[in-house]
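Participant: Sharing protein.txt (compact mmCIF, C-alpha atoms and all ligand atoms) below.
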# COMPACT_ATOMS: atom_id res chain seq x y z
CA MET A 1 93.34 114.63 120.05
CA ILE A 2 93.74 116.49 116.77
CA ASP A 3 91.20 119.19 116.07
CA ASN A 4 89.48 119.02 112.66
CA ASN A 5 90.14 122.73 112.22
CA THR A 6 93.88 122.17 112.61
CA ILE A 7 93.86 119.68 109.75
CA ALA A 8 91.62 121.87 107.61
CA ALA A 9 93.85 124.91 108.17
CA ALA A 10 97.01 122.95 107.37
CA ASN A 11 95.40 121.46 104.25
CA ALA A 12 94.20 124.85 103.03
CA ASP A 13 97.85 125.88 102.74
CA GLY A 14 98.79 122.94 100.56
CA GLU A 15 95.71 122.04 98.56
CA GLY A 16 96.33 124.30 95.55
CA SER A 17 99.81 123.01 94.82
CA LEU A 18 98.77 119.41 95.55
CA ARG A 19 96.01 119.56 92.96
CA ALA A 20 98.42 120.95 90.35
CA GLU A 21 101.00 118.23 91.08
CA TYR A 22 98.36 115.50 91.12
CA ASP A 23 96.95 116.62 87.76
CA ALA A 24 100.41 116.76 86.19
CA LEU A 25 101.23 113.25 87.44
CA GLY A 26 97.82 112.10 86.21
CA GLU A 27 98.73 113.22 82.68
CA THR A 28 102.11 111.46 82.86
CA LEU A 29 100.52 108.22 84.03
CA ASP A 30 97.74 108.53 81.46
CA ARG A 31 100.39 108.47 78.73
CA ARG A 32 101.59 105.17 80.24
CA GLY A 33 98.02 103.85 80.18
CA VAL A 34 97.61 104.11 83.96
CA ASP A 35 94.51 105.64 85.59
CA ILE A 36 95.73 107.73 88.52
CA ALA A 37 92.34 107.63 90.26
CA ALA A 38 92.45 103.82 90.38
CA ILE A 39 95.89 103.94 92.02
CA ARG A 40 94.70 106.59 94.48
CA ASP A 41 91.69 104.46 95.49
CA LYS A 42 93.89 101.42 96.09
CA VAL A 43 96.31 103.47 98.17
CA ALA A 44 93.40 104.82 100.23
CA ALA A 45 92.51 101.20 101.11
CA CYS A 46 96.11 100.20 101.96
CA GLY A 47 96.66 100.23 105.70
CA VAL A 48 99.37 99.05 108.05
CA ALA A 49 98.87 98.16 111.72
CA ILE A 50 100.74 99.94 114.50
CA PRO A 51 102.25 97.92 117.34
CA SER A 52 101.15 99.41 120.67
CA TRP A 53 104.79 99.53 121.84
CA GLY A 54 105.75 101.63 118.81
CA VAL A 55 104.32 104.83 120.27
CA GLY A 56 106.78 104.72 123.17
CA THR A 57 110.42 105.68 122.70
CA GLY A 58 112.54 102.58 122.11
CA GLY A 59 116.11 101.96 123.04
CA THR A 60 119.14 99.80 122.63
CA ARG A 61 121.23 97.66 124.98
CA PHE A 62 122.93 100.94 125.92
CA ALA A 63 120.05 103.15 126.98
CA ARG A 64 116.65 104.58 126.37
CA PHE A 65 115.91 108.31 126.19
CA PRO A 66 112.17 108.84 126.61
CA GLY A 67 110.67 112.08 125.34
CA ALA A 68 108.06 114.34 126.87
CA GLY A 69 104.50 113.07 126.99
CA GLU A 70 105.35 109.37 126.69
CA PRO A 71 102.25 107.16 126.85
CA ALA A 72 101.98 105.57 130.30
CA THR A 73 99.07 103.18 129.74
CA ILE A 74 97.53 101.24 126.88
CA PHE A 75 94.83 103.91 126.76
CA ASP A 76 97.46 106.63 126.22
CA LYS A 77 98.99 104.43 123.53
CA LEU A 78 95.65 104.09 121.79
CA ASP A 79 95.29 107.88 121.87
CA ASP A 80 98.66 108.24 120.12
CA CYS A 81 97.82 105.53 117.59
CA GLY A 82 94.56 107.36 116.93
CA VAL A 83 96.50 110.54 116.14
CA VAL A 84 98.68 108.67 113.64
CA HIS A 85 95.61 107.30 111.87
CA ARG A 86 93.67 110.57 112.05
CA LEU A 87 96.46 112.39 110.21
CA THR A 88 97.49 109.67 107.73
CA ASN A 89 94.37 107.50 107.28
CA ALA A 90 96.95 104.72 106.85
CA THR A 91 96.97 102.91 110.22
CA PRO A 92 93.45 101.63 110.95
CA ARG A 93 94.43 98.92 113.46
CA VAL A 94 96.61 98.44 116.53
CA SER A 95 98.46 95.26 117.45
CA LEU A 96 98.46 94.57 121.19
CA HIS A 97 101.14 92.91 123.25
CA ILE A 98 100.20 90.85 126.27
CA PRO A 99 100.94 91.33 129.17
CA TRP A 100 102.18 94.89 128.48
CA ASP A 101 98.72 95.96 127.27
CA ALA A 102 96.57 93.85 129.57
CA ALA A 103 93.28 95.61 130.42
CA GLU A 104 89.56 94.84 130.52
CA PRO A 105 88.50 93.89 126.96
CA ALA A 106 85.38 96.07 127.20
CA ASP A 107 87.55 99.09 128.09
CA LEU A 108 89.95 98.35 125.23
CA ARG A 109 87.08 98.11 122.78
CA ALA A 110 85.50 101.34 124.02
CA LYS A 111 88.76 103.27 123.76
CA ALA A 112 89.54 101.90 120.30
CA GLU A 113 86.10 102.91 119.11
CA GLU A 114 86.55 106.39 120.59
CA VAL A 115 89.77 106.95 118.63
CA GLY A 116 88.56 105.23 115.45
CA LEU A 117 90.74 102.12 115.52
CA GLY A 118 90.36 98.35 115.36
CA PHE A 119 92.64 95.59 116.65
CA ASP A 120 95.13 93.63 114.58
CA ALA A 121 97.08 90.48 115.55
CA MET A 122 97.74 89.76 119.24
CA ASN A 123 101.37 89.34 120.32
CA SER A 124 102.33 86.98 123.11
CA ASN A 125 105.38 87.58 125.27
CA THR A 126 107.23 84.62 126.71
CA PHE A 127 110.66 86.20 126.30
CA GLN A 128 110.68 87.90 129.69
CA ASP A 129 109.45 87.02 133.16
CA GLN A 130 106.41 88.77 134.58
CA ALA A 131 105.80 89.68 138.21
CA GLY A 132 104.51 86.71 140.17
CA GLN A 133 105.25 84.21 137.42
CA ALA A 134 105.81 80.68 138.77
CA ARG A 135 108.59 79.57 136.38
CA SER A 136 111.32 81.54 134.64
CA TYR A 137 111.90 81.88 130.89
CA LYS A 138 115.62 82.43 131.36
CA PHE A 139 116.35 79.17 129.51
CA GLY A 140 113.39 79.25 127.16
CA SER A 141 109.61 79.08 127.14
CA LEU A 142 107.75 77.06 124.51
CA SER A 143 110.84 74.89 123.96
CA HIS A 144 112.03 74.77 127.59
CA THR A 145 113.37 71.45 128.86
CA ASP A 146 110.89 71.63 131.77
CA ALA A 147 107.34 70.57 130.88
CA GLY A 148 105.82 72.87 133.49
CA THR A 149 107.53 75.93 131.97
CA ARG A 150 106.31 74.95 128.52
CA ALA A 151 102.77 74.54 129.87
CA GLN A 152 102.94 78.00 131.46
CA ALA A 153 104.03 79.51 128.13
CA VAL A 154 101.27 77.69 126.24
CA GLU A 155 98.75 78.92 128.81
CA HIS A 156 99.91 82.51 128.26
CA ASN A 157 99.38 82.20 124.51
CA LEU A 158 95.90 80.77 125.05
CA ARG A 159 95.14 83.74 127.31
CA CYS A 160 96.27 86.10 124.51
CA ILE A 161 93.82 84.39 122.16
CA GLU A 162 91.05 84.76 124.74
CA ILE A 163 91.69 88.51 125.15
CA GLY A 164 92.04 88.95 121.38
CA ASP A 165 88.79 87.12 120.75
CA ALA A 166 87.01 89.52 123.12
CA ILE A 167 88.27 92.62 121.27
CA GLY A 168 87.82 91.46 117.68
CA SER A 169 91.36 90.38 116.80
CA LYS A 170 91.72 87.55 114.27
CA ALA A 171 95.34 86.43 114.64
CA LEU A 172 98.02 85.51 117.13
CA THR A 173 101.71 86.15 116.54
CA ILE A 174 104.05 83.93 118.54
CA TRP A 175 107.52 85.30 119.01
CA VAL A 176 109.88 83.51 121.32
CA GLY A 177 113.37 84.31 122.49
CA ASP A 178 114.23 80.62 122.88
CA GLY A 179 117.60 79.51 121.60
CA SER A 180 121.09 79.07 122.93
CA ASN A 181 124.28 81.05 123.47
CA PHE A 182 126.79 78.20 123.33
CA PRO A 183 127.40 75.32 120.93
CA GLY A 184 126.17 72.24 122.72
CA GLN A 185 123.91 74.15 125.12
CA ALA A 186 120.74 72.86 123.46
CA HIS A 187 120.04 69.77 121.38
CA PHE A 188 118.74 71.29 118.14
CA ALA A 189 116.28 68.54 117.24
CA ARG A 190 114.88 67.89 120.71
CA GLN A 191 114.48 71.63 121.31
CA LEU A 192 112.52 71.99 118.05
CA ASP A 193 110.34 68.99 118.93
CA ARG A 194 109.47 70.57 122.26
CA TYR A 195 108.63 73.87 120.52
CA LEU A 196 106.41 72.06 118.00
CA GLY A 197 104.58 70.25 120.80
CA SER A 198 103.81 73.57 122.50
CA ALA A 199 102.86 75.30 119.24
CA ARG A 200 100.42 72.47 118.42
CA GLU A 201 98.63 73.07 121.72
CA ILE A 202 98.34 76.79 120.92
CA TYR A 203 97.15 76.06 117.39
CA ALA A 204 94.47 73.75 118.80
CA GLY A 205 93.17 76.71 120.84
CA LEU A 206 92.67 79.01 117.83
CA PRO A 207 89.11 80.08 117.04
CA ALA A 208 87.99 78.81 113.60
CA ASP A 209 88.42 82.19 111.87
CA TRP A 210 91.86 82.97 113.33
CA ARG A 211 95.32 82.70 111.83
CA LEU A 212 98.52 81.83 113.67
CA PHE A 213 101.72 83.66 112.70
CA THR A 214 105.22 82.50 113.57
CA GLU A 215 108.16 84.82 113.06
CA HIS A 216 111.70 83.77 112.25
CA LYS A 217 114.72 85.63 113.56
CA MET A 218 118.35 84.72 113.05
CA TYR A 219 119.69 85.90 116.41
CA GLU A 220 118.82 87.90 119.55
CA PRO A 221 118.14 87.54 122.39
CA ALA A 222 119.92 84.19 121.93
CA PHE A 223 123.17 84.69 120.03
CA TYR A 224 124.33 81.23 118.96
CA SER A 225 121.05 79.70 117.82
CA THR A 226 117.37 80.64 117.87
CA ILE A 227 114.51 78.19 117.71
CA VAL A 228 112.96 79.70 114.54
CA GLN A 229 116.14 80.97 112.94
CA ASP A 230 115.17 81.35 109.30
CA TRP A 231 112.32 81.15 106.82
CA GLY A 232 113.02 77.47 106.15
CA THR A 233 112.35 76.45 109.74
CA ASN A 234 109.44 78.91 109.85
CA TYR A 235 107.91 77.29 106.77
CA LEU A 236 108.34 73.78 108.19
CA ILE A 237 106.63 74.85 111.42
CA ALA A 238 103.68 76.41 109.58
CA GLN A 239 103.44 73.31 107.41
CA GLU A 240 103.36 70.99 110.42
CA LEU A 241 100.84 73.03 112.39
CA GLY A 242 98.15 73.23 109.73
CA GLU A 243 96.37 75.35 107.16
CA ARG A 244 95.77 78.33 109.45
CA ALA A 245 99.45 78.65 110.39
CA PHE A 246 101.51 81.14 108.37
CA CYS A 247 104.96 82.69 108.32
CA LEU A 248 105.57 86.29 109.28
CA VAL A 249 108.47 88.08 107.61
CA ASP A 250 110.16 90.79 109.67
CA LEU A 251 112.41 92.65 107.24
CA GLY A 252 115.15 93.02 109.87
CA HIS A 253 115.38 89.35 110.83
CA HIS A 254 117.81 88.19 108.15
CA ALA A 255 121.52 88.20 107.55
CA PRO A 256 122.77 91.29 105.69
CA ASN A 257 122.12 91.19 101.92
CA VAL A 258 119.71 88.24 102.06
CA ASN A 259 117.24 88.39 99.17
CA ILE A 260 114.08 89.03 101.21
CA GLU A 261 111.80 89.61 98.23
CA MET A 262 112.68 86.13 97.01
CA ILE A 263 111.77 84.64 100.40
CA VAL A 264 108.45 86.46 100.07
CA SER A 265 107.92 84.95 96.63
CA ARG A 266 108.71 81.44 97.87
CA LEU A 267 106.30 81.73 100.81
CA ILE A 268 103.59 83.01 98.47
CA ARG A 269 104.25 80.13 96.06
CA TYR A 270 103.66 77.62 98.85
CA GLY A 271 100.67 79.44 100.38
CA LYS A 272 102.38 80.24 103.68
CA LEU A 273 102.99 83.99 103.66
CA GLY A 274 101.18 85.36 106.70
CA GLY A 275 102.36 88.94 106.61
CA PHE A 276 105.05 91.41 107.55
CA HIS A 277 106.72 93.30 110.28
CA PHE A 278 107.94 96.34 108.39
CA ASN A 279 111.08 98.19 109.44
CA ASP A 280 114.47 98.80 107.89
CA SER A 281 118.00 97.73 108.73
CA LYS A 282 121.60 98.45 107.89
CA TYR A 283 123.50 95.78 109.82
CA GLY A 284 121.11 93.51 111.73
CA ASP A 285 117.75 93.75 113.44
CA ASP A 286 118.16 97.49 113.75
CA ASP A 287 114.40 98.22 113.78
CA LEU A 288 114.99 101.49 111.92
CA ASP A 289 112.10 103.30 110.26
CA THR A 290 110.52 101.60 107.25
CA GLY A 291 112.07 102.88 104.04
CA ALA A 292 114.77 104.83 105.88
CA ILE A 293 117.71 102.77 104.61
CA ASP A 294 116.70 100.79 101.54
CA PRO A 295 113.43 101.92 99.96
CA TYR A 296 114.21 99.92 96.81
CA ARG A 297 114.10 96.67 98.78
CA LEU A 298 110.74 97.66 100.24
CA PHE A 299 109.51 98.33 96.71
CA LEU A 300 110.77 94.92 95.54
CA VAL A 301 108.87 93.23 98.38
CA PHE A 302 105.69 95.04 97.32
CA ASN A 303 106.42 94.12 93.72
CA GLU A 304 106.06 90.46 94.75
CA LEU A 305 102.85 91.22 96.66
CA ILE A 306 101.24 92.99 93.69
CA ASP A 307 102.33 90.14 91.44
CA ALA A 308 100.33 87.76 93.68
CA ALA A 309 97.46 90.12 94.51
CA ASP A 310 94.88 88.27 92.40
CA MET A 311 95.47 84.89 94.05
CA PRO A 312 92.30 83.75 95.85
CA GLY A 313 92.42 84.41 99.59
CA PHE A 314 95.72 86.30 99.39
CA ASP A 315 95.62 88.69 102.36
CA PRO A 316 98.98 89.15 104.10
CA ALA A 317 98.95 91.16 107.33
CA HIS A 318 100.89 94.44 107.38
CA MET A 319 102.37 95.73 110.61
CA LEU A 320 105.13 98.17 111.52
CA ASP A 321 107.67 96.83 114.02
CA GLN A 322 110.24 99.51 114.75
CA SER A 323 112.16 101.05 117.61
CA HIS A 324 112.07 104.85 117.63
CA ASN A 325 115.10 105.93 119.58
CA VAL A 326 115.82 109.48 118.39
CA THR A 327 112.50 110.68 116.96
CA ASP A 328 109.01 111.46 118.22
CA PRO A 329 107.46 107.99 117.74
CA ILE A 330 104.25 109.48 116.32
CA GLU A 331 106.26 111.20 113.58
CA SER A 332 108.23 108.03 112.78
CA LEU A 333 105.05 105.96 112.59
CA MET A 334 103.36 108.45 110.28
CA SER A 335 106.41 108.61 108.02
CA SER A 336 106.75 104.81 107.97
CA ALA A 337 103.07 104.20 107.21
CA MET A 338 103.44 106.57 104.25
CA GLU A 339 106.54 104.70 103.10
CA VAL A 340 104.53 101.46 103.07
CA GLN A 341 101.86 103.16 100.96
CA ARG A 342 104.55 104.65 98.70
CA ALA A 343 106.14 101.26 97.99
CA TYR A 344 102.67 99.82 97.36
CA ALA A 345 101.77 102.61 94.91
CA GLN A 346 105.11 102.31 93.08
CA ALA A 347 104.62 98.55 92.77
CA LEU A 348 101.15 99.13 91.32
CA LEU A 349 102.82 101.17 88.55
CA VAL A 350 104.98 98.29 87.30
CA ASP A 351 104.07 97.43 83.70
CA ARG A 352 103.61 93.70 84.36
CA ALA A 353 102.91 92.70 80.78
CA ALA A 354 106.11 94.41 79.63
CA LEU A 355 108.05 92.87 82.52
CA ALA A 356 106.81 89.37 81.63
CA ASP A 357 107.78 89.93 77.98
CA HIS A 358 111.30 91.02 78.96
CA GLN A 359 111.63 88.02 81.25
CA GLU A 360 110.54 85.61 78.52
CA ALA A 361 112.94 87.25 76.07
CA ASN A 362 115.80 87.14 78.59
CA ASP A 363 116.19 90.90 78.22
CA ALA A 364 117.76 91.57 81.60
CA ILE A 365 118.39 95.29 81.21
CA MET A 366 114.87 96.10 80.06
CA ALA A 367 113.35 93.96 82.81
CA SER A 368 115.40 95.90 85.36
CA GLU A 369 114.46 99.23 83.75
CA THR A 370 110.77 98.30 83.89
CA LEU A 371 111.01 97.98 87.66
CA LYS A 372 113.18 101.09 87.99
CA ARG A 373 110.74 103.17 85.98
CA ALA A 374 107.97 102.41 88.47
CA PHE A 375 110.28 102.90 91.45
CA ARG A 376 111.53 106.27 90.19
CA THR A 377 108.01 107.66 89.84
CA ASP A 378 107.29 110.16 92.60
CA VAL A 379 103.88 109.00 93.81
CA SER A 380 103.72 111.54 96.67
CA PRO A 381 100.79 113.47 95.10
CA ILE A 382 98.77 110.23 94.90
CA LEU A 383 99.32 109.48 98.59
CA ALA A 384 98.55 113.06 99.60
CA MET A 385 95.38 113.15 97.50
CA ALA A 386 94.20 109.87 99.07
CA ARG A 387 94.70 111.47 102.49
CA LEU A 388 92.99 114.75 101.55
CA GLU A 389 89.93 112.95 100.22
CA ALA A 390 89.72 110.88 103.42
CA GLY A 391 89.79 114.01 105.57
CA ALA A 392 93.35 113.35 106.73
CA ALA A 393 96.34 115.67 106.35
CA ILE A 394 98.09 116.49 103.07
CA ASP A 395 101.31 116.78 105.11
CA PRO A 396 100.82 114.76 108.32
CA LEU A 397 104.11 115.79 109.94
CA ALA A 398 103.47 119.49 109.41
CA ALA A 399 99.88 119.20 110.66
CA TYR A 400 101.03 117.23 113.70
CA ARG A 401 103.62 119.84 114.66
CA ARG A 402 101.09 122.58 114.13
CA SER A 403 98.57 120.78 116.40
CA GLY A 404 100.76 121.00 119.51
CA TYR A 405 99.59 117.48 120.49
CA ARG A 406 102.86 116.37 122.08
CA ALA A 407 103.09 119.45 124.29
CA ARG A 408 99.47 119.01 125.37
CA VAL A 409 99.89 115.38 126.43
CA ALA A 410 103.21 116.20 128.11
CA GLU A 411 101.24 118.38 130.54
CA ILE A 412 98.96 115.56 131.65
CA ARG A 413 101.14 112.44 131.37
CA PRO A 414 103.75 111.65 134.02
CA SER A 415 107.33 111.87 132.78
CA ALA A 416 108.78 108.46 131.96
CA SER A 417 111.93 106.97 133.40
CA GLY A 418 114.81 106.11 131.09
CA ALA A 419 115.31 102.71 132.68
CA GLY A 420 115.00 99.54 130.63
CA GLY A 421 115.99 98.62 127.11
CA GLY A 422 113.90 98.88 123.98
CA ILE A 423 111.74 96.30 122.31
CA VAL A 424 113.68 94.21 119.82
MN MN A 501 109.04 91.67 114.51
So that I can check it, write out the structure of this file as structure tokens.
Ligand SMILES: [Mn+2]
Facilitator:
Amino acid sequence: MIDNNTIAAANADGEGSLRAEYDALGETLDRRGVDIAAIRDKVAACGVAIPSWGVGTGGTRFARFPGAGEPATIFDKLDDCGVVHRLTNATPRVSLHIPWDAAEPADLRAKAEEVGLGFDAMNSNTFQDQAGQARSYKFGSLSHTDAGTRAQAVEHNLRCIEIGDAIGSKALTIWVGDGSNFPGQAHFARQLDRYLGSAREIYAGLPADWRLFTEHKMYEPAFYSTIVQDWGTNYLIAQELGERAFCLVDLGHHAPNVNIEMIVSRLIRYGKLGGFHFNDSKYGDDDLDTGAIDPYRLFLVFNELIDAADMPGFDPAHMLDQSHNVTDPIESLMSSAMEVQRAYAQALLVDRAALADHQEANDAIMASETLKRAFRTDVSPILAMARLEAGAAIDPLAAYRRSGYRARVAEIRPSASGAGGGIV
């Protein structure tokens, strides 16, 4: 994977200037009454899960352009995920997708241990047909009009739980492509009732210490209606299923300009925020790299999370869910994991007592400035110091390029075909 000496050599180049920048920022924060070491320690403990499919090159409805050394198996993917974590110390767990990642649980566990990773939420796939499958999902899965198709989709989800239980996962994320492309194609209420019936059967199969996540998405692959189209329906589903059912917020699954941080606050208020799929978007579910388009929005989401951090049992899951079409996926994942940590660190810097005072006094401009002051603070030295002290890289992208990892795996992995679209 990545040689310790490579990281040490890369860090030796940057350590002197990092320490100077960290000390200078420490003095600035000290004047604001903030202890930089406390922020650094919290950042060091802030991780985000990688989806196994994220280490492969993604694509669009037009095409996919795989790079050299694409991972061919789940074990290759775990190697790549291990590299991301080794260099950033920010991605301790991997989220598997069944059936794409199906393998013997004992082998998955052994490989994860070898590369220093654990397993995050399991993801079920009933939005495409698999080889040898008895019934098609062309017209839906968990909400299909045919009871046998629904039963097959429920069975697949239960199988995902079984595999996840054997590898130490503690959550299942259901994402379905069910919906309709024409007004009148599906009866909204009956379709939702069928979905709820299937979801109840899956919920009943959850181990006692597991959580169930449902994810809303406005459109795609169905383009007129989707079964869980917005956070309102998502909330109602979680409410109906029970106390271990929660809503997942994918930042790209909303109409343009929707106030996502407010949705986050509402879900927190009603105890139903399960976690996030982090990515960024310009127009729709673009699955661009986290923080690439609107880092202020990401900060505002984390501002809500920090505001709620002291609530008992508050533990939202963090996962990246992106499609890397024009970059080396390992580089995008490293950059995105650091953007998550950056937004978290900036949100920790918000002067909450001052903000509350401004809110009570209806001082809009000073309330806004209080947030902006935290957002404008360059916390890069804090993130880099957290990495250095964990034995990771001060500059993960530079260390990765220096390591020659991609060229090495390109020699031993078969070259990938460009066929097939990307994950959406
Ligand atoms: Mn997602």
Participant: Could you check the closest approach to Leu273 of chain A for each of A:Val55, A:Ala37, A:Ala245, A:Ala49 and tell me which residue wins, using only C-alpha atoms?
Facilitator: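 Among the listed residues, the smallest separation from Leu273 of chain A belongs to A:Ala245.
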Participant: Could you check which of A:Ile98, A:Met319, A:Ala147, A:Leu172 is closest to ligand MN 501 (chain A), using all atoms listed in the file?
Facilitator: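 The answer is A:Met319, which sits nearest to ligand MN 501 (chain A).
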Participant: For atom CA of Tyr344 of chain A and atom CA of Phe302 of chain A, determine how far apart the two atoms are, in Å to one decimal place.
Facilitator: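 Between atom CA of Tyr344 of chain A and atom CA of Phe302 of chain A the gap is 5.7 Å.
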Participant: Would you write out, as a Markdown table, a table of all residues in segment 289-377 of chain A that have an atom no more than 12 Å from an atom of segment 79-90 of chain A, listing for each the closest atom pair and the distance in Å to one decimal, considering all atoms listed in the file and ordering rows by chain and rising residue number?
Facilitator:
| residue | atom | partner | partner_atom | distance |
| --- | --- | --- | --- | --- |
| A:His318 | CA | A:Ala90 | CA | 11.0 |
| A:Met319 | CA | A:Ala90 | CA | 11.2 |
| A:Leu320 | CA | A:Ala90 | CA | 11.5 |
| A:Asp328 | CA | A:Asp80 | CA | 11.0 |
| A:Pro329 | CA | A:Asp80 | CA | 9.1 |
| A:Ile330 | CA | A:Val84 | CA | 6.2 |
| A:Glu331 | CA | A:Val84 | CA | 8.0 |
| A:Ser332 | CA | A:Val84 | CA | 9.6 |
| A:Leu333 | CA | A:Val84 | CA | 7.0 |
| A:Met334 | CA | A:Val84 | CA | 5.8 |
| A:Ser335 | CA | A:Thr88 | CA | 9.0 |
| A:Ser336 | CA | A:Ala90 | CA | 9.9 |
| A:Ala337 | CA | A:Ala90 | CA | 6.2 |
| A:Met338 | CA | A:Ala90 | CA | 7.2 |
| A:Glu339 | CA | A:Ala90 | CA | 10.3 |
| A:Val340 | CA | A:Ala90 | CA | 9.1 |
| A:Gln341 | CA | A:Ala90 | CA | 7.8 |
| A:Arg342 | CA | A:Ala90 | CA | 11.1 |
Participant: Please produce a file of those selected residues containing C-alpha atoms, as a compact mmCIF listing (two decimals), keeping the file's coordinate frame.
Facilitator:
# COMPACT_ATOMS: atom_id res chain seq x y z
CA HIS A 318 100.89 94.44 107.38
CA MET A 319 102.37 95.73 110.61
CA LEU A 320 105.13 98.17 111.52
CA ASP A 328 109.01 111.46 118.22
CA PRO A 329 107.46 107.99 117.74
CA ILE A 330 104.25 109.48 116.32
CA GLU A 331 106.26 111.20 113.58
CA SER A 332 108.23 108.03 112.78
CA LEU A 333 105.05 105.96 112.59
CA MET A 334 103.36 108.45 110.28
CA SER A 335 106.41 108.61 108.02
CA SER A 336 106.75 104.81 107.97
CA ALA A 337 103.07 104.20 107.21
CA MET A 338 103.44 106.57 104.25
CA GLU A 339 106.54 104.70 103.10
CA VAL A 340 104.53 101.46 103.07
CA GLN A 341 101.86 103.16 100.96
CA ARG A 342 104.55 104.65 98.70
Participant: Return as a list of chain:residue names every polymer residue, whether protein, DNA or RNA, with at least one atom no more than 6 Å from an atom of ligand MN 501 (chain A); count all atoms listed in the file.
Facilitator: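 My answer, listing the contacting residues, is A:Asp250, A:His277, A:Asp321.
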Participant: From the options A:Lys77, A:Lys282, A:Arg266, A:Arg376, which residue's atoms come nearest to Cys247 of chain A, counting all atoms listed in the file?
Facilitator: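 Looking only at the distances to Cys247 of chain A, the closest residue turns out to be A:Arg266.
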Participant: Fewer than 6 positions away in the same chain doesn't count, so skip those; otherwise give me all residues within 12 Å of Ile163 of chain A, counting all atoms listed in the file, as a list of chain:residue names.
Facilitator: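 Surrounding residues, per the criterion: A:Leu96, A:His97, A:Ile98, A:Pro99, A:Asp101, A:Ala102, A:Ala103, A:Glu104, A:Pro105, A:Ala106, A:Asp107, A:Leu108, A:Arg109, A:Phe119, A:Ala121, A:Met122, A:Asn123, A:Ser124, A:His156, A:Asn157, A:Ser169, A:Lys170, A:Ala171, A:Leu172, A:Pro207.
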Participant: Do a neighbour search on Arg297 of chain A at 10 Å with all atoms listed in the file, toss out local chain neighbours closer than 4 positions, and write the hits as an MDAnalysis selection string.
Facilitator: chainID A and resid 251 259:261 280 291 293 301:303 343
Participant: What does the distance between atom CA of Arg93 of chain A and atom CA of Ala112 of chain A come to in Å, to one decimal place?
Facilitator: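 Here the two named atoms are 8.9 Å from each other.
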Participant: Go through A:Ala186, A:Ala361, A:Val176, A:Leu388 and flag the residue nearest Glu220 of chain A, using only C-alpha atoms for the distances.
Facilitator: A:Val176
Participant: Between atom CA of Pro316 of chain A and atom CA of Glu304 of chain A, what is the spacing in Å?
Facilitator: 11.8 Å
Participant: Fix up segment 115-126 of chain A with N, CA and C atoms, then write it as an mmCIF file, in the frame of the given file.
Facilitator:
data_model
loop_
_atom_site.group_PDB
_atom_site.id
_atom_site.type_symbol
_atom_site.label_atom_id
_atom_site.label_comp_id
_atom_site.auth_asym_id
_atom_site.auth_seq_id
_atom_site.Cartn_x
_atom_site.Cartn_y
_atom_site.Cartn_z
ATOM 1 N N VAL A 115 88.707 106.353 119.447
ATOM 2 C CA VAL A 115 89.770 106.950 118.630
ATOM 3 C C VAL A 115 89.769 106.419 117.196
ATOM 4 N N GLY A 116 88.733 105.643 116.844
ATOM 5 C CA GLY A 116 88.560 105.230 115.450
ATOM 6 C C GLY A 116 89.490 104.136 114.980
ATOM 7 N N LEU A 117 89.809 103.194 115.871
ATOM 8 C CA LEU A 117 90.740 102.120 115.520
ATOM 9 C C LEU A 117 90.144 100.742 115.766
ATOM 10 N N GLY A 118 90.685 99.745 115.081
ATOM 11 C CA GLY A 118 90.360 98.350 115.360
ATOM 12 C C GLY A 118 91.611 97.643 115.864
ATOM 13 N N PHE A 119 91.486 96.332 116.127
ATOM 14 C CA PHE A 119 92.640 95.590 116.650
ATOM 15 C C PHE A 119 93.159 94.586 115.625
ATOM 16 N N ASP A 120 94.454 94.547 115.491
ATOM 17 C CA ASP A 120 95.130 93.630 114.580
ATOM 18 C C ASP A 120 95.588 92.388 115.381
ATOM 19 N N ALA A 121 96.613 91.718 114.901
ATOM 20 C CA ALA A 121 97.080 90.480 115.550
ATOM 21 C C ALA A 121 97.501 90.732 116.994
ATOM 22 N N MET A 122 97.266 89.735 117.851
ATOM 23 C CA MET A 122 97.740 89.760 119.240
ATOM 24 C C MET A 122 99.176 89.238 119.264
ATOM 25 N N ASN A 123 99.981 89.793 120.173
ATOM 26 C CA ASN A 123 101.370 89.340 120.320
ATOM 27 C C ASN A 123 101.582 88.794 121.719
ATOM 28 N N SER A 124 102.057 87.569 121.798
ATOM 29 C CA SER A 124 102.330 86.980 123.110
ATOM 30 C C SER A 124 103.783 87.242 123.487
ATOM 31 N N ASN A 125 104.022 87.329 124.783
ATOM 32 C CA ASN A 125 105.380 87.580 125.270
ATOM 33 C C ASN A 125 105.775 86.489 126.252
ATOM 34 N N THR A 126 106.633 85.585 125.780
ATOM 35 C CA THR A 126 107.230 84.620 126.710
ATOM 36 C C THR A 126 108.740 84.744 126.639
#
